[in-house]
>>> print(open('protein-v8.tsv').read())   # TSV, C-alpha atoms
chain	number	residue	atom	x	y	z
A	1	MET	CA	10.55	24.55	-14.24
A	2	SER	CA	7.65	26.80	-15.28
A	3	GLU	CA	5.88	29.12	-12.86
A	4	SER	CA	2.34	28.43	-11.69
A	5	LYS	CA	-0.33	30.82	-12.99
A	6	PRO	CA	-2.02	33.13	-10.42
A	7	GLU	CA	-5.39	31.43	-10.97
A	8	ASP	CA	-3.75	28.05	-10.35
A	9	VAL	CA	-2.26	29.29	-7.08
A	10	GLU	CA	-5.72	30.40	-5.96
A	11	LEU	CA	-7.25	27.08	-7.01
A	12	LEU	CA	-4.43	25.28	-5.20
A	13	GLU	CA	-5.38	27.02	-1.97
A	14	THR	CA	-9.02	26.05	-2.50
A	15	CYS	CA	-7.97	22.45	-3.09
A	16	GLN	CA	-5.99	22.35	0.15
A	17	GLN	CA	-8.86	23.84	2.14
A	18	THR	CA	-11.38	21.45	0.60
A	19	CYS	CA	-9.23	18.41	1.42
A	20	GLU	CA	-8.94	19.64	5.01
A	21	GLN	CA	-12.74	19.87	5.21
A	22	ILE	CA	-12.95	16.30	3.91
A	23	ARG	CA	-10.61	15.18	6.70
A	24	GLN	CA	-12.85	16.84	9.28
A	25	GLU	CA	-16.02	15.25	7.90
A	26	VAL	CA	-14.49	11.76	7.65
A	27	GLY	CA	-13.09	12.20	11.18
A	28	LYS	CA	-16.66	12.42	12.51
A	29	ILE	CA	-17.07	8.73	11.70
A	30	VAL	CA	-13.59	7.21	11.36
A	31	VAL	CA	-11.16	7.55	14.25
A	32	GLY	CA	-7.48	7.82	13.32
A	33	GLN	CA	-6.21	6.32	10.04
A	34	GLN	CA	-4.94	9.75	9.00
A	35	ARG	CA	-2.15	8.36	6.85
A	36	VAL	CA	-4.61	6.06	5.06
A	37	LEU	CA	-6.97	8.98	4.39
A	38	THR	CA	-4.07	11.13	3.14
A	39	GLU	CA	-3.02	8.45	0.65
A	40	LEU	CA	-6.61	7.99	-0.52
A	41	LEU	CA	-6.95	11.73	-1.10
A	42	MET	CA	-3.68	11.78	-3.05
A	43	ALA	CA	-4.86	8.90	-5.24
A	44	ILE	CA	-8.20	10.60	-5.89
A	45	LEU	CA	-6.55	13.92	-6.79
A	46	ALA	CA	-4.17	12.06	-9.11
A	47	GLY	CA	-7.01	10.06	-10.69
A	48	GLY	CA	-5.61	6.70	-9.57
A	49	HIS	CA	-7.01	3.51	-8.06
A	50	SER	CA	-6.14	2.19	-4.60
A	51	LEU	CA	-5.97	-1.22	-2.91
A	52	LEU	CA	-6.47	-1.17	0.86
A	53	VAL	CA	-4.95	-4.13	2.69
A	54	GLY	CA	-5.67	-4.79	6.35
A	55	VAL	CA	-7.14	-7.34	8.74
A	56	PRO	CA	-10.93	-7.34	9.31
A	57	GLY	CA	-12.44	-4.70	11.54
A	58	LEU	CA	-10.14	-1.78	10.72
A	59	ALA	CA	-12.90	0.33	9.09
A	60	LYS	CA	-11.65	-0.04	5.52
A	61	THR	CA	-15.15	-0.24	4.06
A	62	LEU	CA	-16.47	2.40	6.46
A	63	LEU	CA	-13.67	4.78	5.48
A	64	VAL	CA	-14.33	4.43	1.75
A	65	GLY	CA	-18.08	4.79	2.18
A	66	THR	CA	-17.72	7.89	4.36
A	67	LEU	CA	-15.24	9.43	1.93
A	68	ALA	CA	-17.71	8.88	-0.92
A	69	ARG	CA	-20.40	10.74	1.05
A	70	THR	CA	-18.16	13.77	1.48
A	71	LEU	CA	-17.39	13.81	-2.26
A	72	SER	CA	-21.04	13.69	-3.38
A	73	LEU	CA	-20.25	11.11	-6.06
A	74	LYS	CA	-22.09	8.05	-7.35
A	75	PHE	CA	-21.00	5.19	-5.13
A	76	SER	CA	-21.34	1.44	-5.71
A	77	ARG	CA	-20.19	-1.44	-3.58
A	78	ILE	CA	-19.60	-4.96	-4.88
A	79	GLN	CA	-19.04	-7.79	-2.41
A	80	PHE	CA	-16.64	-10.05	-4.27
A	81	THR	CA	-17.47	-13.75	-3.81
A	82	PRO	CA	-16.31	-16.97	-5.51
A	83	ASP	CA	-19.54	-17.18	-7.58
A	84	LEU	CA	-19.43	-13.56	-8.82
A	85	MET	CA	-19.50	-13.34	-12.62
A	86	PRO	CA	-18.05	-10.59	-14.88
A	87	ALA	CA	-21.56	-9.56	-15.95
A	88	ASP	CA	-22.40	-8.91	-12.28
A	89	ILE	CA	-19.84	-6.10	-12.45
A	90	THR	CA	-20.07	-4.71	-15.97
A	91	GLY	CA	-23.72	-5.35	-16.77
A	92	THR	CA	-25.35	-7.60	-19.35
A	93	GLU	CA	-27.44	-7.59	-22.51
A	94	VAL	CA	-31.04	-8.80	-22.26
A	95	LEU	CA	-33.47	-9.59	-25.07
A	96	GLN	CA	-36.51	-7.29	-25.01
A	97	ASP	CA	-39.52	-6.60	-27.22
A	98	ASP	CA	-39.72	-3.13	-28.77
A	99	PRO	CA	-43.28	-1.88	-27.93
A	100	GLU	CA	-43.50	0.12	-31.18
A	101	THR	CA	-41.94	-2.14	-33.82
A	102	ARG	CA	-42.68	-5.44	-32.06
A	103	GLU	CA	-39.11	-6.45	-32.86
A	104	ARG	CA	-36.94	-8.25	-30.37
A	105	ARG	CA	-33.57	-6.64	-29.74
A	106	PHE	CA	-30.83	-6.68	-27.16
A	107	LYS	CA	-30.71	-3.92	-24.57
A	108	PHE	CA	-27.71	-3.28	-22.33
A	109	LEU	CA	-28.42	-3.06	-18.62
A	110	PRO	CA	-25.48	-1.28	-16.89
A	111	GLY	CA	-23.86	-2.95	-13.90
A	112	PRO	CA	-22.59	-1.37	-10.66
A	113	ILE	CA	-19.30	-0.42	-12.33
A	114	PHE	CA	-21.14	2.57	-13.82
A	115	SER	CA	-20.43	4.83	-10.86
A	116	ASN	CA	-17.80	7.35	-9.80
A	117	ILE	CA	-16.42	5.35	-6.88
A	118	LEU	CA	-16.52	1.55	-7.03
A	119	LEU	CA	-15.74	-0.26	-3.79
A	120	ALA	CA	-14.50	-3.75	-4.66
A	121	ASP	CA	-14.84	-5.39	-1.26
A	122	GLU	CA	-12.51	-8.38	-0.67
A	123	ILE	CA	-11.42	-8.35	-4.29
A	124	ASN	CA	-9.22	-11.44	-3.86
A	125	ARG	CA	-12.24	-13.65	-3.08
A	126	THR	CA	-13.37	-13.88	-6.69
A	127	PRO	CA	-11.74	-15.93	-9.50
A	128	PRO	CA	-9.26	-14.31	-11.95
A	129	LYS	CA	-11.86	-14.28	-14.76
A	130	THR	CA	-14.06	-11.93	-12.73
A	131	GLN	CA	-11.12	-9.90	-11.42
A	132	ALA	CA	-10.11	-9.31	-15.04
A	133	ALA	CA	-13.48	-7.64	-15.70
A	134	LEU	CA	-12.07	-4.61	-13.89
A	135	LEU	CA	-8.89	-4.35	-15.98
A	136	GLU	CA	-10.33	-2.51	-18.98
A	137	ALA	CA	-12.37	-0.17	-16.78
A	138	MET	CA	-9.38	0.70	-14.59
A	139	GLN	CA	-7.07	1.44	-17.52
A	140	GLU	CA	-9.33	2.63	-20.34
A	141	HIS	CA	-12.30	4.06	-18.36
A	142	LYS	CA	-14.70	2.03	-20.49
A	143	ILE	CA	-16.07	-1.48	-20.78
A	144	THR	CA	-16.89	-3.57	-23.83
A	145	VAL	CA	-20.02	-5.75	-23.97
A	146	GLY	CA	-21.18	-7.43	-27.16
A	147	GLY	CA	-18.53	-5.63	-29.18
A	148	ILE	CA	-19.84	-2.19	-28.14
A	149	ASP	CA	-17.82	0.23	-26.00
A	150	TYR	CA	-19.54	1.90	-23.07
A	151	PRO	CA	-17.56	4.83	-21.59
A	152	LEU	CA	-17.53	5.33	-17.82
A	153	GLU	CA	-18.42	8.69	-16.36
A	154	ARG	CA	-15.47	10.61	-14.95
A	155	PRO	CA	-14.21	10.81	-12.31
A	156	PHE	CA	-13.93	7.06	-11.85
A	157	PHE	CA	-12.02	5.21	-9.12
A	158	VAL	CA	-11.74	1.62	-8.01
A	159	LEU	CA	-11.07	1.40	-4.27
A	160	ALA	CA	-10.55	-2.25	-3.43
A	161	THR	CA	-10.08	-3.98	-0.07
A	162	GLN	CA	-8.20	-7.14	0.71
A	163	ASN	CA	-7.69	-9.29	3.80
A	164	PRO	CA	-3.99	-10.27	4.09
A	165	ILE	CA	-4.34	-13.10	6.60
A	166	GLU	CA	-7.18	-15.30	5.35
A	167	GLN	CA	-5.89	-17.30	2.40
A	168	GLU	CA	-8.42	-20.14	2.14
A	169	GLY	CA	-10.82	-19.56	-0.74
A	170	THR	CA	-8.91	-16.57	-2.11
A	171	TYR	CA	-7.34	-15.87	-5.50
A	172	PRO	CA	-4.20	-13.70	-5.43
A	173	LEU	CA	-4.38	-10.71	-7.74
A	174	PRO	CA	-2.17	-11.14	-10.82
A	175	GLU	CA	0.70	-8.71	-11.31
A	176	ALA	CA	-1.02	-7.14	-14.33
A	177	GLN	CA	-3.98	-6.11	-12.21
A	178	LEU	CA	-1.89	-5.05	-9.22
A	179	ASP	CA	0.03	-2.73	-11.52
A	180	ARG	CA	-3.23	-0.89	-12.34
A	181	PHE	CA	-3.49	0.28	-8.74
A	182	MET	CA	-1.61	3.50	-8.13
A	183	PHE	CA	-1.40	2.84	-4.37
A	184	LEU	CA	-1.33	-0.22	-2.18
A	185	ILE	CA	-2.32	1.18	1.22
A	186	HIS	CA	-1.64	-0.71	4.43
A	187	VAL	CA	-4.34	-0.18	7.07
A	188	GLU	CA	-2.80	-0.70	10.51
A	189	TYR	CA	-4.26	-1.27	13.98
A	190	PRO	CA	-5.30	1.90	15.86
A	191	SER	CA	-3.29	3.26	18.77
A	192	GLU	CA	-4.46	2.72	22.37
A	193	GLU	CA	-6.03	6.19	22.52
A	194	GLU	CA	-7.75	5.74	19.15
A	195	GLU	CA	-9.14	2.34	20.12
A	196	LEU	CA	-10.58	3.83	23.31
A	197	GLU	CA	-12.22	6.60	21.28
A	198	ILE	CA	-13.65	4.02	18.86
A	199	MET	CA	-15.34	2.19	21.73
A	200	LYS	CA	-16.76	5.40	23.17
A	201	GLN	CA	-18.28	6.74	19.96
A	202	SER	CA	-19.59	3.49	18.44
A	203	ALA	CA	-23.06	4.00	19.96
A	204	ASP	CA	-23.48	7.49	18.44
A	205	MET	CA	-22.42	6.82	14.84
A	206	GLU	CA	-25.96	6.65	13.43
A	207	SER	CA	-26.72	10.23	14.50
A	208	VAL	CA	-23.64	11.75	12.84
A	209	ASP	CA	-24.42	14.04	9.90
A	210	ILE	CA	-21.80	13.93	7.12
A	211	GLN	CA	-21.71	17.03	4.91
A	212	SER	CA	-20.88	16.92	1.20
A	213	VAL	CA	-17.71	18.92	0.58
A	214	MET	CA	-16.88	18.39	-3.09
A	215	ASP	CA	-18.81	17.43	-6.22
A	216	ALA	CA	-17.69	15.76	-9.44
A	217	ALA	CA	-17.16	19.01	-11.38
A	218	GLN	CA	-14.97	20.48	-8.67
A	219	LEU	CA	-12.96	17.28	-8.36
A	220	LEU	CA	-12.31	17.27	-12.10
A	221	ARG	CA	-11.01	20.84	-11.80
A	222	PHE	CA	-8.66	19.80	-9.01
A	223	GLN	CA	-7.45	16.82	-11.03
A	224	SER	CA	-6.71	19.10	-13.98
A	225	LEU	CA	-4.82	21.42	-11.63
A	226	VAL	CA	-2.73	18.53	-10.28
A	227	ARG	CA	-1.64	17.61	-13.82
A	228	ARG	CA	-0.43	21.20	-14.33
A	229	ILE	CA	1.77	21.39	-11.22
A	230	PRO	CA	5.33	21.88	-12.51
A	231	VAL	CA	8.03	19.24	-11.98
A	232	ALA	CA	11.71	20.08	-12.32
A	233	ASP	CA	14.03	17.88	-14.38
A	234	ALA	CA	15.98	17.07	-11.22
A	235	VAL	CA	12.83	15.64	-9.63
A	236	TYR	CA	12.12	13.53	-12.72
A	237	GLN	CA	15.69	12.22	-12.53
A	238	TYR	CA	15.28	11.39	-8.83
A	239	ALA	CA	12.07	9.44	-9.51
A	240	ARG	CA	13.68	7.68	-12.48
A	241	LYS	CA	16.69	6.67	-10.38
A	242	ILE	CA	14.43	5.13	-7.72
A	243	VAL	CA	12.34	3.11	-10.18
A	244	ARG	CA	15.27	1.87	-12.29
A	245	SER	CA	17.20	0.90	-9.16
A	246	THR	CA	14.49	-1.64	-8.28
A	247	ARG	CA	15.38	-3.72	-11.37
A	248	PRO	CA	18.10	-6.27	-10.62
A	249	ARG	CA	18.38	-7.18	-14.31
A	250	GLN	CA	18.49	-3.59	-15.58
A	251	ASN	CA	21.21	-3.13	-18.22
A	252	GLY	CA	24.03	-0.73	-17.41
A	253	ASP	CA	25.69	0.02	-14.11
A	254	GLU	CA	22.92	2.12	-12.51
A	255	THR	CA	22.09	-0.51	-9.91
A	256	GLU	CA	25.52	-2.06	-9.40
A	257	GLU	CA	26.03	-0.25	-6.10
A	258	PHE	CA	22.78	-1.64	-4.69
A	259	HIS	CA	23.76	-5.19	-3.82
A	260	PHE	CA	20.69	-5.68	-1.65
A	261	VAL	CA	18.48	-5.16	-4.73
A	262	HIS	CA	20.16	-8.05	-6.55
A	263	GLU	CA	19.84	-10.19	-3.43
A	264	TRP	CA	16.29	-9.37	-2.40
A	265	LEU	CA	14.40	-8.72	-5.66
A	266	LYS	CA	13.55	-10.93	-8.64
A	267	TRP	CA	11.72	-8.23	-10.60
A	268	GLY	CA	11.37	-4.50	-10.15
A	269	ALA	CA	8.88	-1.80	-11.04
A	270	GLY	CA	7.98	-0.93	-14.64
A	271	PRO	CA	7.41	2.37	-16.45
A	272	ARG	CA	3.84	2.67	-15.17
A	273	ALA	CA	5.28	2.86	-11.65
A	274	ALA	CA	7.42	5.83	-12.70
A	275	GLN	CA	4.34	7.55	-14.13
A	276	HIS	CA	2.33	6.90	-10.98
A	277	LEU	CA	5.21	8.16	-8.85
A	278	ILE	CA	5.09	11.56	-10.56
A	279	PHE	CA	1.26	11.67	-10.57
A	280	ALA	CA	1.17	10.90	-6.85
A	281	ALA	CA	3.94	13.41	-6.06
A	282	ARG	CA	1.99	16.12	-7.86
A	283	ALA	CA	-1.12	15.19	-5.84
A	284	ARG	CA	0.86	15.36	-2.60
A	285	ALA	CA	2.11	18.83	-3.48
A	286	ALA	CA	-1.48	19.92	-4.15
A	287	LEU	CA	-2.69	18.36	-0.91
A	288	TYR	CA	-0.25	20.52	1.05
A	289	GLY	CA	-0.79	23.64	-1.05
A	290	GLN	CA	2.66	23.64	-2.69
A	291	PRO	CA	2.92	25.12	-6.23
A	292	TYR	CA	5.65	22.73	-7.41
A	293	VAL	CA	6.86	19.16	-6.85
A	294	ALA	CA	9.98	18.45	-4.80
A	295	CYS	CA	12.00	15.31	-4.20
A	296	GLU	CA	10.42	15.01	-0.77
A	297	ASP	CA	7.03	14.57	-2.43
A	298	VAL	CA	8.42	11.70	-4.52
A	299	ALA	CA	10.07	10.07	-1.50
A	300	ASP	CA	6.89	10.30	0.57
A	301	VAL	CA	4.76	8.43	-1.98
A	302	CYS	CA	7.38	5.82	-2.94
A	303	THR	CA	6.23	3.12	-0.53
A	304	PRO	CA	2.50	2.97	-1.46
A	305	VAL	CA	3.36	3.30	-5.18
A	306	LEU	CA	6.10	0.65	-5.31
A	307	ARG	CA	5.38	-1.94	-2.59
A	308	HIS	CA	2.99	-4.02	-4.75
A	309	ARG	CA	5.21	-3.84	-7.83
A	310	LEU	CA	8.32	-5.45	-6.37
A	311	ILE	CA	8.69	-9.24	-6.67
A	312	LEU	CA	10.78	-10.51	-3.76
A	313	SER	CA	13.38	-13.24	-4.22
A	314	PHE	CA	13.39	-16.50	-2.31
A	315	ALA	CA	16.29	-15.20	-0.22
A	316	ALA	CA	14.27	-12.17	0.86
A	317	GLN	CA	11.22	-14.27	1.70
A	318	SER	CA	13.32	-16.72	3.72
A	319	GLU	CA	14.72	-13.79	5.71
A	320	ASN	CA	11.23	-12.26	6.12
A	321	ILE	CA	12.30	-9.16	4.20
A	322	LYS	CA	9.32	-7.04	3.11
A	323	ALA	CA	9.01	-4.80	0.07
A	324	ASP	CA	8.77	-1.80	2.41
A	325	THR	CA	12.22	-2.64	3.75
A	326	VAL	CA	13.71	-2.67	0.25
A	327	ILE	CA	12.09	0.70	-0.56
A	328	GLU	CA	13.38	2.19	2.69
A	329	ARG	CA	16.92	1.06	1.86
A	330	LEU	CA	16.60	2.53	-1.64
A	331	LEU	CA	15.52	5.91	-0.30
A	332	GLU	CA	18.47	5.89	2.10
A	333	SER	CA	20.88	5.05	-0.74
A	334	ILE	CA	19.65	7.58	-3.34
A	335	PRO	CA	20.31	11.22	-2.40
A	336	MET	CA	17.75	13.91	-3.04
A	337	TYR	CA	18.73	16.79	-5.28
A	338	GLN	CA	19.36	19.61	-2.86
A	339	ASP	CA	18.23	22.42	-5.17
A	340	VAL	CA	14.63	21.19	-5.11
A	341	GLU	CA	14.37	20.08	-1.48
A	342	ARG	CA	11.90	21.84	0.76
A	343	GLN	CA	10.61	21.57	4.26
A	344	THR	CA	6.98	20.54	4.77
>>> encode(input="protein-v8.tsv", output="structure tokens")
Amino acid sequence: MSESKPEDVELLETCQQTCEQIRQEVGKIVVGQQRVLTELLMAILAGGHSLLVGVPGLAKTLLVGTLARTLSLKFSRIQFTPDLMPADITGTEVLQDDPETRERRFKFLPGPIFSNILLADEINRTPPKTQAALLEAMQEHKITVGGIDYPLERPFFVLATQNPIEQEGTYPLPEAQLDRFMFLIHVEYPSEEEELEIMKQSADMESVDIQSVMDAAQLLRFQSLVRRIPVADAVYQYARKIVRSTRPRQNGDETEEFHFVHEWLKWGAGPRAAQHLIFAARARAALYGQPYVACEDVADVCTPVLRHRLILSFAAQSENIKADTVIERLLESIPMYQDVERQT
């Protein structure tokens, strides 16, 4: 494992301090949801997309909008509806007259996807054809219209929200699109104390001044730093063991000891999950000011990285077993490598 450069250590400290300032600014508007904010910050530092799942009224949209204000980035929000078309997201070509040559030619009018942060609100309310309009942008950071590629400005994130309880008039996201999201973040109900604070401060929200903490150039520097954080071979092996153990049909005897995997899962996570696991672990290390990645970083990000990539069997569904339960059992069954453990 290579040593971090002195300038990287200094930048790492700046990154940690900046993320703490973001927490403070977001906390002026959003009460609680610290774990959700932490996972969003990790995804942003790692350059990944996130899907926020929670019942209505838990401040998912408010949290994303407030976070965008602290980052001083171009922000667009799309309300996904059944009649939304792909061109409403990507943009469209219109026929216009050239004032000089008098010729008629097509001109591309960019859609709301040309931003730094795209909030896809209630993404499962639009048909698969429109959902697929995001696929190329999420993976390739560009869109194609009329055979011409249009690159998206970096940094670029899709932060999508989804309501888990209302199924009428919704279109479940296909596995191919779910796999593009680095994190699936569960937004839970607030505690009693947090709910009381929400009621008390709701009348004063309009007067709160949110300060910009980070701009696009600084964020790109932090993202480059995250990619340089060293990872030991033992940590790679730990992450590999976790991902491969989710595959009940994996060749070899790696998963033979995990009978619950064969019983509860139909399909496991693919190679992109392993990549995202390391990306997210690096981001977690940066978030806490640590100059290297440890197994604890990998274990901490396993649930949001893997929960949407595991296909449960009928037996698991009949027993009301959740993907989080399977991941928890895996982490209990796979030992960390002691030489790279650390206390946080």
>>> closest_residue(input="protein-v8.tsv", among="A:Glu136, A:Glu25, A:Glu263, A:Asp149", to="Leu71 of chain A", atoms="only C-alpha atoms")
A:Glu25
>>> atom_distance(input="protein-v8.tsv", atom1="atom CA of Thr38 of chain A", atom2="atom CA of Arg125 of chain A")
26.8 Å
>>> closest_residue(input="protein-v8.tsv", among="A:Ala59, A:Ile123, A:Leu52, A:Ala46", to="Leu84 of chain A", atoms="only C-alpha atoms")
A:Ile123
>>> residues_around(input="protein-v8.tsv", residues="segment 218-233 of chain A", least_positions_apart="5", cutoff="6 Å", atoms="only C-alpha atoms", output="VMD selection string")
chain A and resid 1 45 282 to 283 292 to 293
>>> write_last_selection(input="protein-v8.tsv", atoms="C-alpha atoms", output="tab-separated table (two decimals), keeping the file's coordinate frame")
chain	number	residue	atom	x	y	z
A	1	MET	CA	10.55	24.55	-14.24
A	45	LEU	CA	-6.55	13.92	-6.79
A	282	ARG	CA	1.99	16.12	-7.86
A	283	ALA	CA	-1.12	15.19	-5.84
A	292	TYR	CA	5.65	22.73	-7.41
A	293	VAL	CA	6.86	19.16	-6.85
>>> closest_residue(input="protein-v8.tsv", among="A:Gln79, A:Glu122, A:Glu319, A:Val30", to="Ile198 of chain A", atoms="all atoms listed in the file")
A:Val30
>>> closest_residue(input="protein-v8.tsv", among="A:Lys266, A:Arg180, A:His259, A:Lys322", to="Gly48 of chain A", atoms="all atoms listed in the file")
A:Arg180
>>> closest_residue(input="protein-v8.tsv", among="A:Ala87, A:Val298, A:Leu73, A:Val53", to="Ser212 of chain A", atoms="all atoms listed in the file")
A:Leu73
>>> residues_around(input="protein-v8.tsv", residues="Leu63 of chain A", least_positions_apart="6", cutoff="10 Å", atoms="all atoms listed in the file", output="number ranges by chain")
A: 26-27, 29-31, 33, 36-37, 40
>>> closest_residue(input="protein-v8.tsv", among="A:Asp97, A:Glu103, A:Glu10, A:Glu153", to="Leu118 of chain A", atoms="only C-alpha atoms")
A:Glu153
>>> residues_near_point(input="protein-v8.tsv", point="(-5.2, 6.8, -10.1)", cutoff="9 Å", atoms="all atoms listed in the file", output="JSON, numbers by chain")
{"A": [42, 43, 44, 45, 46, 47, 48, 49, 50, 138, 156, 157, 158, 180, 181, 182, 183, 276, 279, 280]}
>>> atom_distance(input="protein-v8.tsv", atom1="atom CA of Glu197 of chain A", atom2="atom CA of Cys19 of chain A")
23.3 Å
>>> atom_distance(input="protein-v8.tsv", atom1="atom CA of Pro82 of chain A", atom2="atom CA of Pro164 of chain A")
17.0 Å
>>> residues_near_point(input="protein-v8.tsv", point="(-22.5, -12.5, -14.5)", cutoff="12 Å", atoms="all atoms listed in the file", output="ChimeraX atom specification")
/A:81-93,109-112,129-130,133,145
>>> axis_aligned_box(input="protein-v8.tsv", around="segment 281-285 of chain A", padding_each_side="5 Å", output="JSON")
{"center_x": 1.4, "center_y": 16.1, "center_z": -5.2, "size_x": 15.1, "size_y": 15.4, "size_z": 15.3}
>>> decode(input="protein-v8.tsv", residues="segment 85-124 of chain A", atoms="C-alpha atoms", output="mmCIF file, in the first residue's frame")
data_model
loop_
_atom_site.group_PDB
_atom_site.id
_atom_site.type_symbol
_atom_site.label_atom_id
_atom_site.label_comp_id
_atom_site.auth_asym_id
_atom_site.auth_seq_id
_atom_site.Cartn_x
_atom_site.Cartn_y
_atom_site.Cartn_z
ATOM 1 C CA MET A 85 -41.017 12.103 -22.647
ATOM 2 C CA PRO A 86 -37.257 11.457 -23.108
ATOM 3 C CA ALA A 87 -36.868 14.806 -24.896
ATOM 4 C CA ASP A 88 -38.236 16.534 -21.782
ATOM 5 C CA ILE A 89 -35.081 15.328 -20.025
ATOM 6 C CA THR A 90 -32.353 15.404 -22.657
ATOM 7 C CA GLY A 91 -33.531 18.255 -24.855
ATOM 8 C CA THR A 92 -34.688 18.314 -28.463
ATOM 9 C CA GLU A 93 -33.813 19.571 -31.925
ATOM 10 C CA VAL A 94 -35.936 22.364 -33.403
ATOM 11 C CA LEU A 95 -35.975 23.671 -36.964
ATOM 12 C CA GLN A 96 -34.899 27.323 -37.149
ATOM 13 C CA ASP A 97 -34.133 29.867 -39.868
ATOM 14 C CA ASP A 98 -30.553 31.121 -40.036
ATOM 15 C CA PRO A 99 -30.861 34.982 -40.105
ATOM 16 C CA GLU A 100 -27.740 35.330 -42.282
ATOM 17 C CA THR A 101 -28.001 32.521 -44.832
ATOM 18 C CA ARG A 102 -31.799 32.207 -44.743
ATOM 19 C CA GLU A 103 -31.303 28.449 -44.555
ATOM 20 C CA ARG A 104 -33.371 26.274 -42.283
ATOM 21 C CA ARG A 105 -31.375 24.021 -39.987
ATOM 22 C CA PHE A 106 -31.832 22.058 -36.808
ATOM 23 C CA LYS A 107 -30.666 23.562 -33.538
ATOM 24 C CA PHE A 108 -30.322 21.571 -30.325
ATOM 25 C CA LEU A 109 -32.046 23.022 -27.276
ATOM 26 C CA PRO A 110 -30.530 21.439 -24.119
ATOM 27 C CA GLY A 111 -32.865 19.912 -21.556
ATOM 28 C CA PRO A 112 -32.668 20.040 -17.741
ATOM 29 C CA ILE A 113 -30.194 17.142 -17.698
ATOM 30 C CA PHE A 114 -27.488 19.687 -18.568
ATOM 31 C CA SER A 115 -26.749 20.538 -14.948
ATOM 32 C CA ASN A 116 -24.387 19.399 -12.209
ATOM 33 C CA ILE A 117 -27.037 17.935 -9.916
ATOM 34 C CA LEU A 118 -30.198 16.480 -11.437
ATOM 35 C CA LEU A 119 -33.001 15.692 -9.004
ATOM 36 C CA ALA A 120 -35.204 13.015 -10.568
ATOM 37 C CA ASP A 121 -38.247 13.330 -8.331
ATOM 38 C CA GLU A 122 -40.400 10.170 -8.081
ATOM 39 C CA ILE A 123 -38.413 8.492 -10.828
ATOM 40 C CA ASN A 124 -40.614 5.374 -10.790
#
